[in-house]
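Asker: Attaching a single structure in structure tokens format; questions to follow.
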Amino acid sequence: MGLQPKTVTIVHTGGHMMEIPVAQVRIGDVLLVKPGEKVPVDGLLQSGSSYVDESMLSGEPEPVAKETGSRVLAGTINQKGSFQMSAQKVGGDTLLAQIIRMVQEAQGSKAPVQKLVDRIAAVFVPVVLLIAVLAFGVWWMFGGENGLTQGLLAMVTVLVIACPCALGLATPTAIMVGVGKGAEQGILIKDAESLELAHRIQAVVLDKTGTITNGKPAVEALYWANESEAEVWQNVWFSLEKNSGHPLADAIAAHLEEKAVPVKIEQVENLTGKGIVARYQGQKVFTGNAALMQENHLSISEALEKKAVIWAADAKTVVYFADHRQVLAVAAIADPVKSTSVAAVRELHDMGIEVYLLTGDNPQTAAAVAAQVGIQHFKAGVLPADKEAFVQELQQQGKIVAMVGDGINDSQALARADVSIAMGKGSDIAMDVAKMTLMSSDLNKIPAAIRLSRRTVTTIRQNLFWAFVYNVIGIPIAAGVLYPFNGFLLNPMIAGAAMALSSVSVVSNSLRLKWT
């Protein structure tokens, strides 16, 4: 909550600036963020550029470059340059405010084990009252001339030492620390139930695009028929792709951008599902798929054809570039697997957890990605309802299932799963449905969340054990069972100190989670 800035510099029409409280910022206001300041609200960068420390959201230490049009988020820290931004989400709608609200709700929610503790406490309290009254009665009847006094002391001591503070603190303190620890690591946990249940996960179902992969196509390889001509023709190819809004065109343009210089092309025609045709210096040029090349009877060299066949077999998307006579170059485009996915899947397997891949993509791509990350079980061409049905099928086999996804198409399966985990860079509906959100979209956070759950549950069990053992030992001593043997009676003041110490020990044990 301390990450929320209190004031902000607003830029009025004409360039006049003034400092106002963040609460007064409205959507559309233009704000100035200086070096070292916290970004006040969520918005888009309008002018200037800088590097922003987003580690509080993503957990990643590297600052992120921001330029015109980039998204900036409340609570992140501007590092170098100053910039002006347009406010898009303010007040309780900012991502930071939603995180705070989510963490507060999670810390206030009850774990299933806490419900069990509540039921035990409902029996425990009347039993203690009964024991206190019995202790008083026994002392009064058989305690001799000091029976009444000793009976009152025994009754008070039993009530004091049996006060179920430690029992009541055992679960919520561990949950609070566990949820807070998760938030520090970029794992947002919506409720205590999911935190407690995560350690029992037996199967993890992963979506492909945006979960295992980056969700953004990129050029993996590019091959020219004649390298000596590449320097000239890459400018044409770059200019062609810049005239399309297709994700594949964006990938090629991004790949060529460093070396290419835009040139003038004319009569640009986007052919849906095929590619682009245009004119350069009066001659036709083409970029697109194999069908576009075949329709225009463009020849292709044996070397280029061989590359295209190999890439297609590896589930890569092949894009061709040609002049009016022949294919000049081919590019292989794929959605690259995240650098952390292989290690995360391996760690899940090491934990004894089955991993499944579900995707709406074609079987070849699914098989290639599954092989790359080490997943043995996968299904391709699945619709949202199919994903939900698959999760339900695993549950019917008696497995505790976690679903991990990032898109609207994953929301049904996320809602069905025992533990639902959303990627922080995914759709709002996925994050809303999911019980956990990984802010950095790093799959390594899944085994980290499971380890956090295991340690939290272990801490809860330790707390409950000591709380019960304390009462089992303390109540009979407080009632005076040792008196006939050694004449020992527990002083109510010492009982009060012991009761307080039991609560301190439970809280201290929970706080150990912060350093594990």
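Identifiers for the structure tokens are assigned positionally: chains receive A, B, ... in sequence, residues are indexed from 1 per chain, and ligands are indexed from 1 in the order shown.
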Can you tell me, as a PyMOL selection string, what residues are no more than 12 Å from A:Leu490 when counting only C-alpha atoms, ignoring any on the same chain fewer than 6 positions away?

Answerer: chain A and resi 150+153-158+160-161+474-483+496-498

Asker: Which residues, written as a PyMOL selection string, have at least one atom at most 12 Å from A:Arg512, with only C-alpha atoms counted and residues fewer than 2 positions away on the same chain left out?

Answerer: chain A and resi 173-174+177-178+181+455-456+458-460+462-463+505-510+514-516

Asker: Please return, as a ChimeraX atom specification, all residues of stretch 149-242 of chain A that DSSP assigns to strand (DSSP E or B) on the basis of the backbone.

Answerer: /A:187-189,203-207,213,218-224

Asker: Counting only C-alpha atoms, which residue out of A:Ala278, A:Ile201, A:Ile450, A:Val457 sits closest to A:Val355?

Answerer: A:Ile201

Asker: Give the alpha helix (DSSP H) residues of stretch 225-330 of chain A, as assigned by DSSP on the backbone, as a PyMOL selection string.

Answerer: chain A and resi 227-241+247-256+290-295+302-313

Asker: What's the 6 Å shell around A:Ser420, counting only C-alpha atoms, without same-chain residues fewer than 4 positions away, as a PyMOL selection string?

Answerer: chain A and resi 402-403+414+434-435

Asker: Those same residues, written as a tab-separated table (two decimals), in the first residue's frame with N, CA, C and O atoms?

Answerer:
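Done, and the output landed in selection_19.tsv:
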chain	number	residue	atom	x	y	z
A	402	ALA	N	-4.73	-28.52	-11.22
A	402	ALA	CA	-4.47	-27.08	-11.39
A	402	ALA	C	-4.52	-26.77	-12.88
A	402	ALA	O	-3.92	-27.48	-13.68
A	403	MET	N	-5.23	-25.72	-13.24
A	403	MET	CA	-5.29	-25.25	-14.64
A	403	MET	C	-4.54	-23.93	-14.73
A	403	MET	O	-4.73	-23.03	-13.90
A	414	LEU	N	-10.42	-22.77	-16.11
A	414	LEU	CA	-9.92	-22.17	-14.87
A	414	LEU	C	-10.98	-22.24	-13.78
A	414	LEU	O	-10.68	-22.54	-12.62
A	434	ALA	N	-9.40	-16.83	-11.99
A	434	ALA	CA	-8.35	-17.63	-11.34
A	434	ALA	C	-8.21	-17.30	-9.86
A	434	ALA	O	-8.43	-16.17	-9.44
A	435	LYS	N	-7.79	-18.32	-9.09
A	435	LYS	CA	-7.56	-18.15	-7.66
A	435	LYS	C	-6.14	-17.63	-7.38
A	435	LYS	O	-5.87	-17.09	-6.33

Asker: Taking 4 positions as the minimum chain separation for residues in the same chain, which residues sit within 12 Å of stretch 305-311 of chain A when counting only C-alpha atoms? Answer as an NGL selection string.

Answerer: :A and (219-225 or 289-290 or 293 or 299-301 or 315-320 or 326-334 or 364-365 or 368)

Asker: Would you compute the distance between atom CA of A:Val236 and atom CA of A:Pro262? Give it in Å to one decimal.

Answerer: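 Between atom CA of A:Val236 and atom CA of A:Pro262 the gap works out to 7.1 Å.
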
Asker: Tell me which of A:Lys242, A:His349, A:His255, A:Arg461 sits closest to A:Thr287, counting only C-alpha atoms.

Answerer: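 Ranking A:Lys242, A:His349, A:His255, A:Arg461 by distance to A:Thr287, first place goes to A:Lys242.
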
Asker: Using only C-alpha atoms, pick whichever of A:Ser503, A:Ser50, A:Ser440, A:Asn146 has the shortest atom-to-atom distance to A:Thr171.

Answerer: A:Ser503

Asker: Which one of A:Leu32, A:Ala121, A:Asn486, A:Glu295 sits closest to A:Met18 if you count only C-alpha atoms?

Answerer: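 Looking at the shortest contact to A:Met18, the residue is A:Leu32.
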